[in-house]
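Student: This is upload33.cif (mmCIF, C-alpha atoms and all ligand atoms).
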data_final
#
loop_
_atom_site.group_PDB
_atom_site.id
_atom_site.type_symbol
_atom_site.label_atom_id
_atom_site.label_comp_id
_atom_site.auth_asym_id
_atom_site.auth_seq_id
_atom_site.Cartn_x
_atom_site.Cartn_y
_atom_site.Cartn_z
ATOM 1 C CA MET A 13 -7.583 8.891 -11.841
ATOM 2 C CA ASN A 14 -9.867 11.427 -13.440
ATOM 3 C CA GLN A 15 -8.460 14.315 -11.462
ATOM 4 C CA ARG A 16 -4.892 15.063 -12.411
ATOM 5 C CA SER A 17 -2.177 16.137 -10.015
ATOM 6 C CA THR A 18 -2.312 19.789 -9.058
ATOM 7 C CA ARG A 19 1.035 19.843 -7.213
ATOM 8 C CA GLY A 20 4.528 19.034 -8.411
ATOM 9 C CA VAL A 21 6.064 20.017 -11.751
ATOM 10 C CA ASN A 22 3.960 21.505 -14.533
ATOM 11 C CA HIS A 23 3.835 19.445 -17.711
ATOM 12 C CA GLN A 24 4.638 20.939 -21.074
ATOM 13 C CA PRO A 25 1.790 19.727 -23.299
ATOM 14 C CA ALA A 26 3.864 19.536 -26.494
ATOM 15 C CA CYS A 27 6.527 17.317 -24.881
ATOM 16 C CA PRO A 28 6.520 13.506 -24.808
ATOM 17 C CA CYS A 29 5.749 11.698 -21.576
ATOM 18 C CA LEU A 30 9.299 10.374 -21.399
ATOM 19 C CA GLN A 31 12.469 11.173 -23.282
ATOM 20 C CA PHE A 32 16.038 9.900 -22.833
ATOM 21 C CA VAL A 33 18.820 11.665 -24.726
ATOM 22 C CA ASP A 34 22.192 9.885 -24.778
ATOM 23 C CA VAL A 35 21.938 8.737 -21.142
ATOM 24 C CA SER A 36 24.768 6.761 -19.532
ATOM 25 C CA VAL A 37 25.119 5.549 -15.934
ATOM 26 C CA ALA A 38 28.284 4.526 -14.108
ATOM 27 C CA TYR A 39 27.760 3.398 -10.521
ATOM 28 C CA ALA A 40 30.369 4.482 -8.001
ATOM 29 C CA GLY A 41 32.584 1.450 -7.434
ATOM 30 C CA GLY A 42 31.720 -0.018 -10.838
ATOM 31 C CA SER A 43 28.758 -1.977 -12.067
ATOM 32 C CA HIS A 44 30.406 -4.899 -13.853
ATOM 33 C CA GLY A 45 28.884 -3.613 -17.084
ATOM 34 C CA ARG A 46 30.823 -2.818 -20.253
ATOM 35 C CA THR A 47 33.971 -0.837 -19.864
ATOM 36 C CA THR A 48 34.298 1.999 -22.317
ATOM 37 C CA ARG A 49 37.411 3.339 -23.996
ATOM 38 C CA ASN A 50 37.932 5.914 -21.258
ATOM 39 C CA GLY A 51 37.883 3.115 -18.684
ATOM 40 C CA ARG A 52 34.456 3.748 -17.108
ATOM 41 C CA ASP A 53 32.330 0.789 -16.159
ATOM 42 C CA LEU A 54 28.821 1.627 -17.415
ATOM 43 C CA ALA A 55 25.556 0.024 -16.267
ATOM 44 C CA LEU A 56 23.776 1.852 -19.110
ATOM 45 C CA GLN A 57 25.355 3.490 -22.097
ATOM 46 C CA HIS A 58 24.111 6.031 -24.637
ATOM 47 C CA ILE A 59 20.416 5.346 -24.143
ATOM 48 C CA SER A 60 18.093 7.438 -26.318
ATOM 49 C CA PHE A 61 14.383 6.796 -26.762
ATOM 50 C CA GLN A 62 10.993 8.424 -26.447
ATOM 51 C CA VAL A 63 7.658 7.209 -25.046
ATOM 52 C CA GLU A 64 4.378 8.961 -25.762
ATOM 53 C CA SER A 65 1.548 9.270 -23.229
ATOM 54 C CA GLY A 66 -0.568 6.163 -22.857
ATOM 55 C CA GLN A 67 1.982 3.754 -24.354
ATOM 56 C CA ARG A 68 2.754 0.407 -22.700
ATOM 57 C CA VAL A 69 6.415 -0.571 -22.773
ATOM 58 C CA ALA A 70 7.894 -3.841 -21.522
ATOM 59 C CA VAL A 71 11.595 -3.559 -20.687
ATOM 60 C CA ILE A 72 13.319 -6.904 -21.194
ATOM 61 C CA GLY A 73 16.917 -8.097 -21.144
ATOM 62 C CA PRO A 74 19.196 -10.498 -19.271
ATOM 63 C CA ASN A 75 20.100 -10.099 -15.599
ATOM 64 C CA GLY A 76 22.331 -7.074 -15.162
ATOM 65 C CA ALA A 77 21.120 -5.498 -18.435
ATOM 66 C CA GLY A 78 20.188 -2.286 -16.618
ATOM 67 C CA LYS A 79 16.385 -2.644 -16.437
ATOM 68 C CA SER A 80 16.116 -1.588 -12.777
ATOM 69 C CA THR A 81 18.678 1.152 -13.327
ATOM 70 C CA LEU A 82 16.529 2.539 -16.151
ATOM 71 C CA LEU A 83 13.427 2.624 -13.926
ATOM 72 C CA HIS A 84 15.382 4.245 -11.065
ATOM 73 C CA LEU A 85 16.562 6.969 -13.437
ATOM 74 C CA ILE A 86 12.982 7.750 -14.452
ATOM 75 C CA ALA A 87 11.809 7.695 -10.834
ATOM 76 C CA GLY A 88 14.623 10.148 -10.037
ATOM 77 C CA THR A 89 16.176 7.938 -7.349
ATOM 78 C CA ILE A 90 19.492 7.877 -9.225
ATOM 79 C CA GLN A 91 21.023 10.479 -11.521
ATOM 80 C CA PRO A 92 22.505 9.840 -14.971
ATOM 81 C CA THR A 93 26.274 10.180 -15.255
ATOM 82 C CA SER A 94 25.716 11.913 -18.593
ATOM 83 C CA GLY A 95 22.817 12.705 -20.894
ATOM 84 C CA GLN A 96 19.344 14.072 -20.246
ATOM 85 C CA ILE A 97 16.043 12.643 -19.028
ATOM 86 C CA ARG A 98 12.828 14.559 -19.557
ATOM 87 C CA ILE A 99 9.399 13.746 -18.136
ATOM 88 C CA PHE A 100 6.740 15.858 -19.867
ATOM 89 C CA GLY A 101 9.524 18.302 -20.695
ATOM 90 C CA SER A 102 11.389 18.611 -17.369
ATOM 91 C CA GLY A 103 13.806 16.587 -15.207
ATOM 92 C CA PRO A 104 12.543 13.642 -13.116
ATOM 93 C CA GLY A 105 12.875 15.323 -9.687
ATOM 94 C CA LYS A 106 9.674 16.609 -8.018
ATOM 95 C CA HIS A 107 7.251 15.002 -10.469
ATOM 96 C CA ILE A 108 4.383 13.561 -8.434
ATOM 97 C CA CYS A 109 2.912 12.010 -11.571
ATOM 98 C CA ILE A 110 5.435 9.134 -11.447
ATOM 99 C CA ALA A 111 4.597 6.027 -9.430
ATOM 100 C CA TYR A 112 7.276 3.425 -8.900
ATOM 101 C CA VAL A 113 6.475 -0.119 -7.786
ATOM 102 C CA PRO A 114 9.792 -1.674 -6.664
ATOM 103 C CA GLN A 115 10.743 -5.331 -6.861
ATOM 104 C CA ARG A 116 9.109 -7.268 -4.026
ATOM 105 C CA SER A 117 12.536 -8.306 -2.764
ATOM 106 C CA GLN A 118 13.422 -4.659 -2.120
ATOM 107 C CA ILE A 119 10.526 -4.009 0.274
ATOM 108 C CA ASP A 120 10.648 -4.559 4.035
ATOM 109 C CA TRP A 121 7.394 -6.499 4.424
ATOM 110 C CA SER A 122 7.728 -6.610 8.225
ATOM 111 C CA PHE A 123 7.131 -2.851 8.403
ATOM 112 C CA PRO A 124 3.953 -2.471 10.521
ATOM 113 C CA VAL A 125 1.557 -0.773 8.100
ATOM 114 C CA THR A 126 -1.869 -1.763 6.819
ATOM 115 C CA ALA A 127 -2.856 -1.966 3.176
ATOM 116 C CA THR A 128 -4.782 1.305 3.637
ATOM 117 C CA ASP A 129 -1.664 3.010 5.057
ATOM 118 C CA VAL A 130 0.364 1.930 2.023
ATOM 119 C CA VAL A 131 -2.265 3.259 -0.392
ATOM 120 C CA MET A 132 -2.541 6.522 1.585
ATOM 121 C CA MET A 133 1.237 6.990 1.038
ATOM 122 C CA GLY A 134 0.312 7.525 -2.608
ATOM 123 C CA ARG A 135 -1.507 10.698 -1.528
ATOM 124 C CA ALA A 136 1.596 12.153 0.190
ATOM 125 C CA GLY A 137 2.604 14.293 -2.800
ATOM 126 C CA GLN A 138 -0.875 15.803 -3.011
ATOM 127 C CA ILE A 139 -1.353 16.250 0.731
ATOM 128 C CA GLY A 140 2.043 17.848 1.413
ATOM 129 C CA LEU A 141 3.964 17.667 4.674
ATOM 130 C CA LEU A 142 1.778 19.728 6.974
ATOM 131 C CA ARG A 143 -1.779 18.723 6.099
ATOM 132 C CA ARG A 144 -3.709 15.716 7.371
ATOM 133 C CA PRO A 145 -5.546 13.510 4.862
ATOM 134 C CA SER A 146 -8.877 15.082 3.936
ATOM 135 C CA ARG A 147 -12.166 13.262 3.438
ATOM 136 C CA GLN A 148 -11.436 13.375 -0.289
ATOM 137 C CA ASP A 149 -8.007 11.751 0.222
ATOM 138 C CA LYS A 150 -9.646 8.955 2.236
ATOM 139 C CA GLN A 151 -12.288 8.492 -0.417
ATOM 140 C CA ILE A 152 -9.649 8.269 -3.167
ATOM 141 C CA VAL A 153 -7.807 5.604 -1.127
ATOM 142 C CA GLN A 154 -11.029 3.583 -0.792
ATOM 143 C CA GLU A 155 -11.758 3.916 -4.508
ATOM 144 C CA SER A 156 -8.200 2.836 -5.353
ATOM 145 C CA LEU A 157 -8.492 -0.245 -3.145
ATOM 146 C CA ALA A 158 -11.834 -1.047 -4.789
ATOM 147 C CA ARG A 159 -10.331 -0.749 -8.298
ATOM 148 C CA VAL A 160 -7.822 -3.497 -7.519
ATOM 149 C CA ASN A 161 -10.438 -5.646 -5.753
ATOM 150 C CA ALA A 162 -8.706 -5.176 -2.412
ATOM 151 C CA LEU A 163 -11.316 -3.565 -0.149
ATOM 152 C CA PRO A 164 -11.497 -6.721 2.018
ATOM 153 C CA LEU A 165 -7.726 -6.397 2.593
ATOM 154 C CA ALA A 166 -7.874 -2.750 3.683
ATOM 155 C CA HIS A 167 -7.082 -3.325 7.368
ATOM 156 C CA LYS A 168 -4.643 -6.202 6.980
ATOM 157 C CA GLN A 169 -0.945 -5.773 7.675
ATOM 158 C CA ILE A 170 0.919 -5.569 4.350
ATOM 159 C CA GLY A 171 3.289 -8.371 5.395
ATOM 160 C CA GLU A 172 0.350 -10.781 5.902
ATOM 161 C CA LEU A 173 -0.771 -10.572 2.264
ATOM 162 C CA SER A 174 0.143 -12.918 -0.584
ATOM 163 C CA GLY A 175 2.586 -11.740 -3.274
ATOM 164 C CA GLY A 176 -0.234 -11.011 -5.726
ATOM 165 C CA GLN A 177 -2.217 -9.095 -3.094
ATOM 166 C CA GLN A 178 0.849 -7.048 -2.162
ATOM 167 C CA GLN A 179 1.386 -6.111 -5.813
ATOM 168 C CA ARG A 180 -2.268 -5.069 -6.111
ATOM 169 C CA ILE A 181 -1.901 -2.834 -3.036
ATOM 170 C CA PHE A 182 1.161 -1.156 -4.565
ATOM 171 C CA ILE A 183 -0.760 -0.608 -7.798
ATOM 172 C CA ALA A 184 -3.607 0.862 -5.685
ATOM 173 C CA ARG A 185 -1.023 3.234 -4.180
ATOM 174 C CA ALA A 186 -0.156 4.362 -7.723
ATOM 175 C CA LEU A 187 -3.867 4.850 -8.480
ATOM 176 C CA ALA A 188 -4.295 6.947 -5.313
ATOM 177 C CA GLN A 189 -1.329 9.006 -6.453
ATOM 178 C CA GLU A 190 -3.193 9.685 -9.712
ATOM 179 C CA ALA A 191 0.005 8.676 -11.468
ATOM 180 C CA GLU A 192 0.397 9.364 -15.155
ATOM 181 C CA LEU A 193 3.566 7.302 -15.505
ATOM 182 C CA LEU A 194 3.612 3.918 -13.795
ATOM 183 C CA LEU A 195 6.935 2.084 -13.385
ATOM 184 C CA LEU A 196 6.810 -1.569 -12.361
ATOM 185 C CA ASP A 197 9.989 -3.513 -11.613
ATOM 186 C CA GLU A 198 9.388 -7.206 -12.236
ATOM 187 C CA PRO A 199 5.925 -7.239 -10.642
ATOM 188 C CA LEU A 200 5.118 -10.709 -12.014
ATOM 189 C CA THR A 201 8.017 -12.537 -10.381
ATOM 190 C CA GLY A 202 6.810 -15.255 -8.018
ATOM 191 C CA LEU A 203 3.111 -14.723 -8.805
ATOM 192 C CA ASP A 204 0.807 -17.520 -9.947
ATOM 193 C CA THR A 205 -0.985 -17.204 -13.301
ATOM 194 C CA PRO A 206 -4.320 -15.877 -11.880
ATOM 195 C CA SER A 207 -2.441 -13.166 -9.938
ATOM 196 C CA GLN A 208 -0.463 -12.222 -13.060
ATOM 197 C CA GLU A 209 -3.669 -12.036 -15.085
ATOM 198 C CA MET A 210 -5.323 -9.863 -12.456
ATOM 199 C CA ILE A 211 -2.413 -7.405 -12.657
ATOM 200 C CA PHE A 212 -2.809 -7.185 -16.445
ATOM 201 C CA THR A 213 -6.571 -6.674 -16.039
ATOM 202 C CA ILE A 214 -5.897 -3.772 -13.660
ATOM 203 C CA LEU A 215 -3.303 -2.271 -16.028
ATOM 204 C CA GLU A 216 -5.775 -2.637 -18.907
ATOM 205 C CA SER A 217 -8.369 -0.696 -16.871
ATOM 206 C CA LEU A 218 -5.927 2.257 -16.793
ATOM 207 C CA ARG A 219 -5.893 2.601 -20.590
ATOM 208 C CA PRO A 220 -8.855 5.010 -20.772
ATOM 209 C CA ASP A 221 -7.009 7.304 -18.317
ATOM 210 C CA GLY A 222 -4.023 7.451 -20.679
ATOM 211 C CA VAL A 223 -1.611 6.166 -18.025
ATOM 212 C CA THR A 224 1.806 5.322 -19.471
ATOM 213 C CA VAL A 225 3.246 2.020 -18.217
ATOM 214 C CA LEU A 226 6.864 0.784 -18.203
ATOM 215 C CA MET A 227 7.329 -2.704 -16.816
ATOM 216 C CA ALA A 228 10.617 -4.549 -16.384
ATOM 217 C CA THR A 229 9.995 -8.243 -16.866
ATOM 218 C CA HIS A 230 11.758 -11.511 -17.606
ATOM 219 C CA ASP A 231 8.659 -12.990 -19.215
ATOM 220 C CA LEU A 232 9.004 -12.483 -22.962
ATOM 221 C CA ALA A 233 5.749 -14.253 -23.826
ATOM 222 C CA LEU A 234 3.706 -12.004 -21.515
ATOM 223 C CA ALA A 235 5.593 -8.962 -22.779
ATOM 224 C CA ALA A 236 4.674 -9.864 -26.376
ATOM 225 C CA GLU A 237 1.044 -10.508 -25.439
ATOM 226 C CA HIS A 238 0.306 -7.449 -23.309
ATOM 227 C CA PHE A 239 2.554 -4.600 -24.439
ATOM 228 C CA ASP A 240 2.429 -2.205 -27.402
ATOM 229 C CA GLN A 241 6.178 -1.805 -27.389
ATOM 230 C CA ILE A 242 9.193 -3.702 -26.143
ATOM 231 C CA MET A 243 12.591 -2.329 -25.238
ATOM 232 C CA LEU A 244 15.303 -4.971 -25.440
ATOM 233 C CA LEU A 245 18.118 -3.794 -23.239
ATOM 234 C CA ASN A 246 21.640 -5.011 -22.618
ATOM 235 C CA GLN A 247 23.442 -1.981 -21.199
ATOM 236 C CA ALA A 248 22.531 -0.325 -24.516
ATOM 237 C CA VAL A 249 19.175 -0.450 -26.323
ATOM 238 C CA VAL A 250 19.397 -3.494 -28.599
ATOM 239 C CA ALA A 251 15.948 -2.906 -30.127
ATOM 240 C CA PHE A 252 12.838 -0.849 -29.367
ATOM 241 C CA GLY A 253 9.491 -1.156 -31.107
ATOM 242 C CA SER A 254 6.526 -3.473 -31.552
ATOM 243 C CA PRO A 255 6.889 -7.071 -30.261
ATOM 244 C CA THR A 256 7.189 -8.447 -33.802
ATOM 245 C CA VAL A 257 9.964 -6.000 -34.655
ATOM 246 C CA VAL A 258 11.914 -6.548 -31.425
ATOM 247 C CA LEU A 259 11.533 -10.264 -30.687
ATOM 248 C CA THR A 260 13.576 -11.562 -33.611
ATOM 249 C CA PRO A 261 16.211 -14.304 -33.294
ATOM 250 C CA ASP A 262 18.985 -11.837 -34.217
ATOM 251 C CA ASN A 263 17.979 -9.310 -31.560
ATOM 252 C CA LEU A 264 17.547 -11.970 -28.879
ATOM 253 C CA LEU A 265 20.884 -13.556 -29.771
ATOM 254 C CA HIS A 266 22.508 -10.146 -29.515
ATOM 255 C CA ALA A 267 21.055 -9.514 -26.058
ATOM 256 C CA TYR A 268 20.949 -12.975 -24.486
ATOM 257 C CA GLY A 269 23.764 -14.800 -26.295
ATOM 258 C CA GLY A 270 23.935 -18.483 -25.353
ATOM 259 C CA ARG A 271 20.747 -18.379 -23.295
ATOM 260 C CA MET A 272 18.713 -17.718 -26.433
ATOM 261 C CA SER A 273 17.401 -21.185 -27.266
ATOM 262 C CA ALA A 274 15.473 -21.411 -23.982
ATOM 263 C CA LEU A 275 14.085 -17.959 -24.654
ATOM 264 C CA MET A 276 12.942 -18.841 -28.165
ATOM 265 C CA GLN A 277 10.937 -21.714 -26.727
ATOM 266 C CA ALA A 278 9.351 -19.288 -24.285
ATOM 267 C CA VAL A 279 8.122 -16.928 -27.032
ATOM 268 C CA ALA A 280 7.393 -19.431 -29.817
ATOM 269 C CA PRO A 281 3.701 -20.215 -30.384
ATOM 270 C CA THR A 282 2.675 -23.579 -28.976
ATOM 271 C CA ARG A 283 2.628 -26.264 -31.718
ATOM 272 C CA THR A 284 0.529 -29.369 -31.507
ATOM 273 C CA THR A 285 2.061 -32.580 -32.821
ATOM 274 C CA THR A 286 0.125 -35.362 -34.395
HETATM 275 P P1 LIG A 301 18.740 -5.602 -14.247
HETATM 276 O O1 LIG A 301 17.594 -4.930 -13.545
HETATM 277 O O2 LIG A 301 18.555 -5.664 -15.728
HETATM 278 O O3 LIG A 301 19.057 -6.971 -13.679
HETATM 279 P P2 LIG A 301 20.373 -3.623 -12.899
HETATM 280 O O4 LIG A 301 19.908 -2.296 -13.353
HETATM 281 O O5 LIG A 301 19.921 -4.104 -11.564
HETATM 282 O O6 LIG A 301 20.046 -4.715 -14.028
HETATM 283 O O7 LIG A 301 21.952 -3.640 -12.898
HETATM 284 C C1 LIG A 301 22.727 -3.194 -14.011
HETATM 285 C C2 LIG A 301 24.196 -3.237 -13.611
HETATM 286 O O8 LIG A 301 24.449 -2.275 -12.607
HETATM 287 C C3 LIG A 301 24.607 -4.590 -13.027
HETATM 288 O O9 LIG A 301 25.926 -4.856 -13.457
HETATM 289 C C4 LIG A 301 24.558 -4.361 -11.534
HETATM 290 O O10 LIG A 301 25.495 -5.166 -10.860
HETATM 291 C C5 LIG A 301 24.942 -2.878 -11.433
HETATM 292 N N1 LIG A 301 24.342 -2.207 -10.280
HETATM 293 C C6 LIG A 301 23.019 -2.091 -10.016
HETATM 294 N N2 LIG A 301 22.826 -1.377 -8.894
HETATM 295 C C7 LIG A 301 24.077 -1.040 -8.443
HETATM 296 C C8 LIG A 301 24.561 -0.304 -7.333
HETATM 297 N N3 LIG A 301 23.717 0.242 -6.456
HETATM 298 N N4 LIG A 301 25.890 -0.160 -7.196
HETATM 299 C C9 LIG A 301 26.759 -0.687 -8.083
HETATM 300 N N5 LIG A 301 26.363 -1.390 -9.168
HETATM 301 C C10 LIG A 301 25.047 -1.565 -9.348
#
What do you get writing this file as structure tokens?
Tutor:
Amino acid sequence: MNQRSTRGVNHQPACPCLQFVDVSVAYAGGSHGRTTRNGRDLALQHISFQVESGQRVAVIGPNGAGKSTLLHLIAGTIQPTSGQIRIFGSGPGKHICIAYVPQRSQIDWSFPVTATDVVMMGRAGQIGLLRRPSRQDKQIVQESLARVNALPLAHKQIGELSGGQQQRIFIARALAQEAELLLLDEPLTGLDTPSQEMIFTILESLRPDGVTVLMATHDLALAAEHFDQIMLLNQAVVAFGSPTVVLTPDNLLHAYGGRMSALMQAVAPTRTTT
């Protein structure tokens, strides 16, 4: 990802990678979130935060907290009901610097495409509608597959691959896109420990490129271990900052309520008994 995107929206150098200003979302038909005084049912309410380039942010919170909604807003696939979202100074639409890796359950794995086809889709924003992939595009796809250790999978159908391999191919698609902002929606779910570790190794390899990463996850221990910052969400931002600042009993109780004791065991350091 040495070459940056030349198409899409220009970035304003003085602006942060990502900025939310008082963003709320109400889905049509309701979202079973909190109902406000004016009677609207909000999936997210009054969200304000800022992420600088190169930061790693884990987005955690109970089911229905709005984690996926937050990522969709950044990807531009849904619009806020109120408030403003800025990516490098302008609205989310048309940015080709944003790569979104959806939850595995949201992908039709029977779609007849090879791993190479999926990674080439990452070049679509650069290639445009009317041009065929150039030699350089093909080379970037090969390099992206190589970076996630997936060259041997290049010609396999995407549906034939294991969960961990499929996630690596989607990360390769983001690499081919030369993404500067990578959004991952629960990419660790259902993966074994080696596959999870491989994903973190790949994400770590993006640090020198200054790629910003937001990952929604249920795994608090991995979030604490691998991320600079954690956003604890429950329709509103409960806490946002370093893992030690965010993962306190008070904050977790606020967000998770009665499910907190199981969570505390998940994040507490392992103690040996004598
Ligand atoms: P999370 O990812 O934290 O589990 P979501 O962002 O998926 O949370 O959902 C937040 C809230 O919005 C939930 O109450 C959910 O039911 C609701 N919601 C999500 N997507 C839709 C939709 N397309 N239409 C209506 N409500 C939705």
Student: What do you get as a PyMOL selection string if you pick all residues at most 8 Å from ligand LIG 301 (chain A), counting all atoms listed in the file?
Tutor: chain A and resi 38-45+54-56+72-82+197+228+245-247
Student: So that I can check the surroundings of Glu155 (chain A), please list as JSON, numbers by chain every protein, DNA and RNA residue that reaches within 12 Å of it, counting all atoms listed in the file and ignoring chain neighbours fewer than 2 positions away.
Tutor: {"A": [13, 14, 128, 131, 132, 148, 149, 150, 151, 152, 153, 157, 158, 159, 160, 161, 162, 163, 166, 184, 185, 187, 188, 189, 190]}
Student: Can you list, as JSON, numbers by chain, every protein, DNA or RNA residue that comes within 10 Å of Gln169 (chain A) when you count all atoms listed in the file, leaving out same-chain residues fewer than 2 positions away?
Tutor: {"A": [121, 122, 123, 124, 125, 126, 127, 128, 129, 130, 165, 166, 167, 171, 172, 173]}
Student: Distance CA of Phe100 (chain A)-CA of His84 (chain A), one decimal place?
Tutor: 16.9 Å
Student: In Å to one decimal, how far is CA of Ile139 (chain A) from CA of Ser65 (chain A)?
Tutor: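 Computing it gives 25.1 Å between the two atoms.
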Student: Please evaluate the PyMOL selection byres (((chain A and resi 111) around 10) and not hetatm) against the displayed coordinates and give the resulting residues as a list in words.
Tutor: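 On this input, the PyMOL selection byres (((chain A and resi 111) around 10) and not hetatm) captures Ile86, Ala87, His107, Ile108, Cys109, Ile110, Tyr112, Val113, Pro114, Gly134, Phe182, Ile183, Arg185, Ala186, Leu187, Ala188, Gln189, Glu190, Ala191, Glu192, Leu193, Leu194, Leu195, Leu196 and Val225 of chain A.
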Student: Quick one: distance from CA of Leu30 (chain A) to CA of Gln96 (chain A) in Å, one decimal?
Tutor: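 Computed distance, CA of Leu30 (chain A) to CA of Gln96 (chain A), equals 10.8 Å.
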Student: For this structure, which residues satisfy the selection - the PyMOL selection byres (((chain A and resi 104) around 9) and not hetatm) - when it is evaluated on the file as given? I want them as an MDAnalysis selection string.
Tutor: chainID A and resid 85:89 97:99 102:103 105:107 110
Student: Anything within 12 Å of (16.8, -11.0, -33.2): list those residues as a ChimeraX atom specification, counting all atoms listed in the file and sticking to the file's coordinates.
Tutor: /A:244,250-252,255-269,272-273,275-276
Student: Return as lines of an AutoDock Vina configuration file the box centre and box size in Å, one decimal, for an axis-aligned box around all listed atoms of region 58-68 of chain A padded by 8 Å per side.
Tutor:
center_x = 11.8
center_y = 4.8
center_z = -24.7
size_x = 40.7
size_y = 24.9
size_z = 20.1
Student: Rank nothing, just name the residue among A:Ala236, A:Cys29, A:Ala136, A:Ile214 nearest to Val63 (chain A), using all atoms listed in the file.
Tutor: A:Cys29
